[in-house]
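A short write-up of the structure that comes next.
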Amino acid sequence: FFFLLNNKAVHMTSPVTLTLAAAASFVALSYLQEASCGLLILGTTLSYGLVYGALKATREPPIARQSEWRERQVSTVNAVLLVCGSLLCFAEWPTYDASEGWISQGLAYWPVTFAALFVGYLQWDVLWMLYHSSLHFDELAHHLLFIAVTHYVLWGRYFARPFAWLSVTELSTPFLNCRWFLAATGSKGRAYDTCSLLFASAFLATRALGYGMGLVDLWLARDLWRPAHWGLYVVIALVHAGYALNLVWASKVVGAARRAMKSGHRE
């Protein structure tokens with residue numbers, strides 16, 4: 001992971017070599033999980049690759065970045081799936097006893113299922129970025145951070161409760177992709193403005209406000225997760241780092257909205 005975040009090292013290595021090395025790492029990580037969970041993770045990664053491949057056979061709009069067009073469609077599928085899954089995870093909260101939502105005894109079901117689907121998608125997206133040399137440090141850091149976090153909490157069956165509010169943050173992704181599709185096809189009009197507004201609203205509501213409230217809930221329950229293995233403390237630090245990254249993105253979203261309001265131009 002640290003190698004992939006080393007921009008110089010990445011650009012000195014061929015995309016195919018990087019992709020194969022990352023794929024091998026992901027297989028090894030998935031092997032550490034329970035068999036059913038590991039198979040679901042790898043099956044999800046493979047399935048998204050097949051969906052991406054199937055999209056290449058469809059008629060696509062005449063835009064320059066066809067590969068990104070296909071990948072954004074795949075990410076929209078993942079986002080919708082995770083948002084629906086987050087509702088099931090929230091609905092499972094009343095069934096937990098005091099500590100089940102933090103250190104599971106195997107009763108939590110939906111968080112394990114959708115966390116496996118989530119990390120399976122992240123693995124696919126990292127492989128896509130490496131193969132296409134589409135490397136943005138913040139996005140790659142985000143993906144690698146949550147791949148590490150998700151694999152660890154699945155391995156230890158930790159943090160079933162927080163996964164509900166973490167996964168609902170994907171609510172903004174379909175609107176972001178819709179905005180990109182419209183811009184890429186030169187369709188900047190009322191629909192574009194609407195998607196931009198919905199994206200900004202969903203992003204700030206889930207990734208800034210909702211995520212922050214989730215961290216408050218996490219610390220209020222600190223006596224319940226404190227007995228866990230020390231590795232969970234690393235996870236908590238990384239989750240906070242993820243929030244910091246979302247706040248950086250949120251500041252850009254707010255800044256773009258302010259500039260658009262002042263200039264009268266769409267951004």
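Residue numbering restarts at 1 in every chain; chains get A, B, ... in the order shown in the structure tokens, and ligands count up from 1 in that same order.
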request  = Enumerate as number ranges by chain all residues of stretch 25-236 of chain A assigned to helix (DSSP H, G or I) by DSSP on the backbone, naming them with the chain letters and numbers the document uses.
outcome  = A: 25-31, 35-55, 66-95, 110-131, 137-156, 160-184, 190-220, 222-225, 231-236
message = Give me the residues near A:Gly156 as number ranges by chain, where near means some atom within 9 Å (using only C-alpha atoms) and where sequence neighbours in that chain fewer than 4 positions away do not count.
response = A: 103-104, 151-152, 229, 232
Deliver the residues from the most recent selection as a file, using all heavy atoms, as an mmCIF file, in the first residue's frame.
```
data_model
loop_
_atom_site.group_PDB
_atom_site.id
_atom_site.type_symbol
_atom_site.label_atom_id
_atom_site.label_comp_id
_atom_site.auth_asym_id
_atom_site.auth_seq_id
_atom_site.Cartn_x
_atom_site.Cartn_y
_atom_site.Cartn_z
ATOM 1 N N ILE A 103 -17.849 -5.287 18.759
ATOM 2 C CA ILE A 103 -17.074 -6.523 18.698
ATOM 3 C C ILE A 103 -18.085 -7.651 18.539
ATOM 4 O O ILE A 103 -18.727 -8.072 19.495
ATOM 5 C CB ILE A 103 -16.227 -6.731 19.964
ATOM 6 C CG1 ILE A 103 -15.317 -5.530 20.200
ATOM 7 C CG2 ILE A 103 -15.411 -8.001 19.855
ATOM 8 C CD1 ILE A 103 -14.528 -5.600 21.493
ATOM 9 N N SER A 104 -18.255 -8.107 17.315
ATOM 10 C CA SER A 104 -19.349 -9.028 17.004
ATOM 11 C C SER A 104 -19.053 -10.451 17.458
ATOM 12 O O SER A 104 -17.913 -10.928 17.407
ATOM 13 C CB SER A 104 -19.627 -9.013 15.502
ATOM 14 O OG SER A 104 -20.632 -9.939 15.176
ATOM 15 N N HIS A 151 -10.770 -4.992 5.351
ATOM 16 C CA HIS A 151 -10.242 -6.349 5.510
ATOM 17 C C HIS A 151 -10.009 -6.665 6.993
ATOM 18 O O HIS A 151 -10.296 -7.778 7.451
ATOM 19 C CB HIS A 151 -8.938 -6.512 4.726
ATOM 20 C CG HIS A 151 -9.126 -7.018 3.339
ATOM 21 N ND1 HIS A 151 -9.551 -8.297 3.061
ATOM 22 C CD2 HIS A 151 -8.972 -6.406 2.137
ATOM 23 C CE1 HIS A 151 -9.639 -8.477 1.753
ATOM 24 N NE2 HIS A 151 -9.294 -7.341 1.163
ATOM 25 N N TYR A 152 -9.513 -5.694 7.736
ATOM 26 C CA TYR A 152 -9.227 -5.964 9.149
ATOM 27 C C TYR A 152 -10.504 -6.167 9.953
ATOM 28 O O TYR A 152 -10.596 -7.108 10.749
ATOM 29 C CB TYR A 152 -8.392 -4.835 9.766
ATOM 30 C CG TYR A 152 -7.972 -5.157 11.180
ATOM 31 C CD1 TYR A 152 -6.862 -5.964 11.433
ATOM 32 C CD2 TYR A 152 -8.705 -4.698 12.276
ATOM 33 C CE1 TYR A 152 -6.490 -6.297 12.721
ATOM 34 C CE2 TYR A 152 -8.333 -5.021 13.574
ATOM 35 C CZ TYR A 152 -7.231 -5.822 13.793
ATOM 36 O OH TYR A 152 -6.878 -6.163 15.084
ATOM 37 N N HIS A 229 -8.587 -6.025 20.136
ATOM 38 C CA HIS A 229 -7.172 -6.117 19.795
ATOM 39 C C HIS A 229 -6.649 -4.742 19.410
ATOM 40 O O HIS A 229 -7.377 -3.904 18.848
ATOM 41 C CB HIS A 229 -7.012 -7.106 18.636
ATOM 42 C CG HIS A 229 -5.604 -7.477 18.339
ATOM 43 N ND1 HIS A 229 -4.803 -6.744 17.494
ATOM 44 C CD2 HIS A 229 -4.834 -8.515 18.774
ATOM 45 C CE1 HIS A 229 -3.605 -7.311 17.415
ATOM 46 N NE2 HIS A 229 -3.605 -8.389 18.171
ATOM 47 N N LEU A 232 -7.434 -2.700 16.209
ATOM 48 C CA LEU A 232 -8.636 -1.898 16.016
ATOM 49 C C LEU A 232 -8.349 -0.419 16.276
ATOM 50 O O LEU A 232 -8.990 0.445 15.687
ATOM 51 C CB LEU A 232 -9.756 -2.388 16.938
ATOM 52 C CG LEU A 232 -11.129 -1.753 16.681
ATOM 53 C CD1 LEU A 232 -11.617 -2.077 15.275
ATOM 54 C CD2 LEU A 232 -12.154 -2.230 17.699
#
```
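Of the residues listed (A:Trp93, A:Trp230, A:Trp128, A:Phe175), A:Trp93 shows the shortest atom-to-atom separation from A:Pro162; distances use only C-alpha atoms.
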task = For A:Tyr121, work out the shell of residues within 7 Å, counting only C-alpha atoms and skipping chain neighbours fewer than 2 positions away, then give it as a list in words.
result = Thr44, Thr45, Tyr48, Asn78, Leu117, Phe118, Val119, Gln123, Trp124 and Asp125 of chain A
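Note that atom CA of A:Val216 and atom CA of A:Ile236 are 12.2 Å apart.
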Can you tell me which residues surround A:Leu247 at a distance of at most 9 Å, considering only C-alpha atoms, apart from same-chain residues fewer than 5 positions away, and format the answer as a PDB file with all heavy atoms, in the first residue's frame?
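Below you can see part_16.pdb, which holds the result:
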```pdb
ATOM      1  N   LEU A 204     -22.248  16.657   1.492  1.00  0.00           N
ATOM      2  CA  LEU A 204     -22.111  17.354   2.770  1.00  0.00           C
ATOM      3  C   LEU A 204     -22.948  16.683   3.858  1.00  0.00           C
ATOM      4  O   LEU A 204     -22.529  16.610   5.016  1.00  0.00           O
ATOM      5  CB  LEU A 204     -22.517  18.822   2.610  1.00  0.00           C
ATOM      6  CG  LEU A 204     -21.612  19.641   1.668  1.00  0.00           C
ATOM      7  CD1 LEU A 204     -22.184  21.040   1.478  1.00  0.00           C
ATOM      8  CD2 LEU A 204     -20.190  19.715   2.204  1.00  0.00           C
ATOM      9  N   ARG A 207     -21.038  12.712   4.071  1.00  0.00           N
ATOM     10  CA  ARG A 207     -19.587  12.591   4.272  1.00  0.00           C
ATOM     11  C   ARG A 207     -19.020  13.606   5.255  1.00  0.00           C
ATOM     12  O   ARG A 207     -17.931  13.406   5.786  1.00  0.00           O
ATOM     13  CB  ARG A 207     -18.866  12.700   2.927  1.00  0.00           C
ATOM     14  CG  ARG A 207     -19.138  11.512   2.013  1.00  0.00           C
ATOM     15  CD  ARG A 207     -18.416  11.659   0.680  1.00  0.00           C
ATOM     16  NE  ARG A 207     -18.694  10.527  -0.189  1.00  0.00           N
ATOM     17  CZ  ARG A 207     -17.862   9.506  -0.388  1.00  0.00           C
ATOM     18  NH1 ARG A 207     -16.702   9.471   0.239  1.00  0.00           N
ATOM     19  NH2 ARG A 207     -18.191   8.524  -1.202  1.00  0.00           N
ATOM     20  N   ALA A 208     -19.745  14.700   5.473  1.00  0.00           N
ATOM     21  CA  ALA A 208     -19.298  15.691   6.463  1.00  0.00           C
ATOM     22  C   ALA A 208     -20.124  15.563   7.747  1.00  0.00           C
ATOM     23  O   ALA A 208     -19.597  15.231   8.805  1.00  0.00           O
ATOM     24  CB  ALA A 208     -19.397  17.105   5.889  1.00  0.00           C
ATOM     25  N   GLY A 242      -9.795   9.071   7.182  1.00  0.00           N
ATOM     26  CA  GLY A 242     -10.783   9.101   6.102  1.00  0.00           C
ATOM     27  C   GLY A 242     -11.728  10.280   6.233  1.00  0.00           C
ATOM     28  O   GLY A 242     -12.112  10.915   5.238  1.00  0.00           O
ATOM     29  N   LYS A 252     -13.643  21.661  -0.951  1.00  0.00           N
ATOM     30  CA  LYS A 252     -13.609  21.918  -2.391  1.00  0.00           C
ATOM     31  C   LYS A 252     -15.024  22.015  -2.961  1.00  0.00           C
ATOM     32  O   LYS A 252     -15.287  22.854  -3.836  1.00  0.00           O
ATOM     33  CB  LYS A 252     -12.830  20.806  -3.098  1.00  0.00           C
ATOM     34  CG  LYS A 252     -11.354  20.758  -2.736  1.00  0.00           C
ATOM     35  CD  LYS A 252     -10.638  19.641  -3.471  1.00  0.00           C
ATOM     36  CE  LYS A 252      -9.151  19.594  -3.101  1.00  0.00           C
ATOM     37  NZ  LYS A 252      -8.436  18.499  -3.806  1.00  0.00           N
TER      38      LYS A 252
END
```
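Minimum atom-to-atom distance to A:Thr150, evaluated using only C-alpha atoms, belongs to A:Leu238 out of A:Val254, A:Leu238, A:Ile63, A:Tyr109.
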Counting only C-alpha atoms, what are the residues of stretch 104-174 of chain A within 6 Å of stretch 15-24 of chain A, and for each of them which pair of atoms is the nearest and at what distance in Å, to one decimal? Sort the table by chain and rising number, as JSON lines.
```
{"residue": "A:Leu127", "atom": "CA", "partner": "A:Thr19", "partner_atom": "CA", "distance": 5.4}
{"residue": "A:Leu130", "atom": "CA", "partner": "A:Thr19", "partner_atom": "CA", "distance": 5.6}
{"residue": "A:Tyr131", "atom": "CA", "partner": "A:Pro15", "partner_atom": "CA", "distance": 4.8}
```
Near stretch 64-75 of chain A, 12 Å: stretch 79-99 of chain A residue rows, closest pairs, only C-alpha atoms, as JSON lines:
```
{"residue": "A:Ala79", "atom": "CA", "partner": "A:Ser75", "partner_atom": "CA", "distance": 6.1}
{"residue": "A:Val80", "atom": "CA", "partner": "A:Ser75", "partner_atom": "CA", "distance": 8.7}
{"residue": "A:Leu81", "atom": "CA", "partner": "A:Ser75", "partner_atom": "CA", "distance": 9.8}
{"residue": "A:Leu82", "atom": "CA", "partner": "A:Ser75", "partner_atom": "CA", "distance": 10.5}
```
Residue contacts of A:Ala116 (7 Å, only C-alpha atoms) excluding same-chain residues fewer than 4 positions away, as number ranges by chain = A: 37, 40-41, 112, 120
Output all heavy atoms for every residue in that selection, as a short mmCIF file (atom, residue, chain, number, x, y, z; two decimals), in the first residue's frame.
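The result, written out as part18.cif:
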```cif
data_model
loop_
_atom_site.label_atom_id
_atom_site.label_comp_id
_atom_site.auth_asym_id
_atom_site.auth_seq_id
_atom_site.Cartn_x
_atom_site.Cartn_y
_atom_site.Cartn_z
N CYS A 37 -16.48 -15.52 3.19
CA CYS A 37 -16.26 -14.08 3.08
C CYS A 37 -15.21 -13.77 2.02
O CYS A 37 -15.39 -12.88 1.19
CB CYS A 37 -15.86 -13.51 4.43
SG CYS A 37 -15.72 -11.72 4.47
N LEU A 40 -16.61 -14.22 -1.41
CA LEU A 40 -17.52 -13.13 -1.77
C LEU A 40 -16.73 -11.89 -2.20
O LEU A 40 -17.09 -11.21 -3.17
CB LEU A 40 -18.44 -12.80 -0.60
CG LEU A 40 -19.47 -11.67 -0.84
CD1 LEU A 40 -20.35 -11.97 -2.05
CD2 LEU A 40 -20.32 -11.45 0.40
N ILE A 41 -15.65 -11.61 -1.48
CA ILE A 41 -14.82 -10.45 -1.83
C ILE A 41 -14.23 -10.62 -3.23
O ILE A 41 -14.35 -9.74 -4.09
CB ILE A 41 -13.70 -10.27 -0.80
CG1 ILE A 41 -14.27 -9.87 0.56
CG2 ILE A 41 -12.70 -9.22 -1.27
CD1 ILE A 41 -13.26 -9.90 1.69
N VAL A 112 -21.46 -7.61 7.43
CA VAL A 112 -20.43 -8.49 6.89
C VAL A 112 -20.62 -8.66 5.38
O VAL A 112 -19.68 -8.57 4.59
CB VAL A 112 -20.46 -9.86 7.59
CG1 VAL A 112 -19.50 -10.84 6.91
CG2 VAL A 112 -20.11 -9.72 9.06
N GLY A 120 -14.66 -5.58 -2.15
CA GLY A 120 -14.49 -6.20 -3.46
C GLY A 120 -14.50 -5.17 -4.57
O GLY A 120 -13.70 -5.23 -5.52
#
```
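Contact shell of A:Tyr211 at 8 Å (only C-alpha atoms; same-chain neighbours under 5 positions omitted): Trp165, Leu166, Thr169, Thr206 and Tyr243 of chain A.
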message = Could you list, as a PyMOL selection string, every residue within 12 Å of A:Ala183, counting only C-alpha atoms and ignoring same-chain residues fewer than 4 positions away?
response = chain A and resi 63-65+69+176-179+187-193+195-196+266-267
Kindly export the residues of the current selection with C-alpha atoms, as an mmCIF file, in the first residue's frame.
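Output file part-v8.cif is given in full below:
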```
data_model
loop_
_atom_site.group_PDB
_atom_site.id
_atom_site.type_symbol
_atom_site.label_atom_id
_atom_site.label_comp_id
_atom_site.auth_asym_id
_atom_site.auth_seq_id
_atom_site.Cartn_x
_atom_site.Cartn_y
_atom_site.Cartn_z
ATOM 1 C CA ILE A 63 -16.621 10.922 -25.706
ATOM 2 C CA ALA A 64 -12.852 10.890 -25.274
ATOM 3 C CA ARG A 65 -12.551 8.903 -22.039
ATOM 4 C CA TRP A 69 -17.270 6.276 -18.771
ATOM 5 C CA LEU A 176 -21.301 12.877 -9.021
ATOM 6 C CA ASN A 177 -21.239 10.382 -11.882
ATOM 7 C CA CYS A 178 -24.411 11.808 -13.405
ATOM 8 C CA ARG A 179 -22.765 15.235 -13.333
ATOM 9 C CA SER A 187 -25.054 18.507 -21.832
ATOM 10 C CA LYS A 188 -24.522 21.281 -19.317
ATOM 11 C CA GLY A 189 -27.995 22.568 -18.650
ATOM 12 C CA ARG A 190 -30.698 22.337 -16.043
ATOM 13 C CA ALA A 191 -30.109 18.607 -15.524
ATOM 14 C CA TYR A 192 -26.426 19.302 -14.897
ATOM 15 C CA ASP A 193 -27.259 22.018 -12.376
ATOM 16 C CA CYS A 195 -27.113 16.875 -10.406
ATOM 17 C CA SER A 196 -24.523 19.310 -9.087
ATOM 18 C CA ARG A 266 -21.800 26.565 -13.658
ATOM 19 C CA GLU A 267 -18.911 24.617 -12.145
#
```
message = My list of candidates is A:Val51, A:Leu39, A:Leu245, A:Leu218. Which is closest to A:Thr113 when distances are computed with only C-alpha atoms?
response = A:Leu39
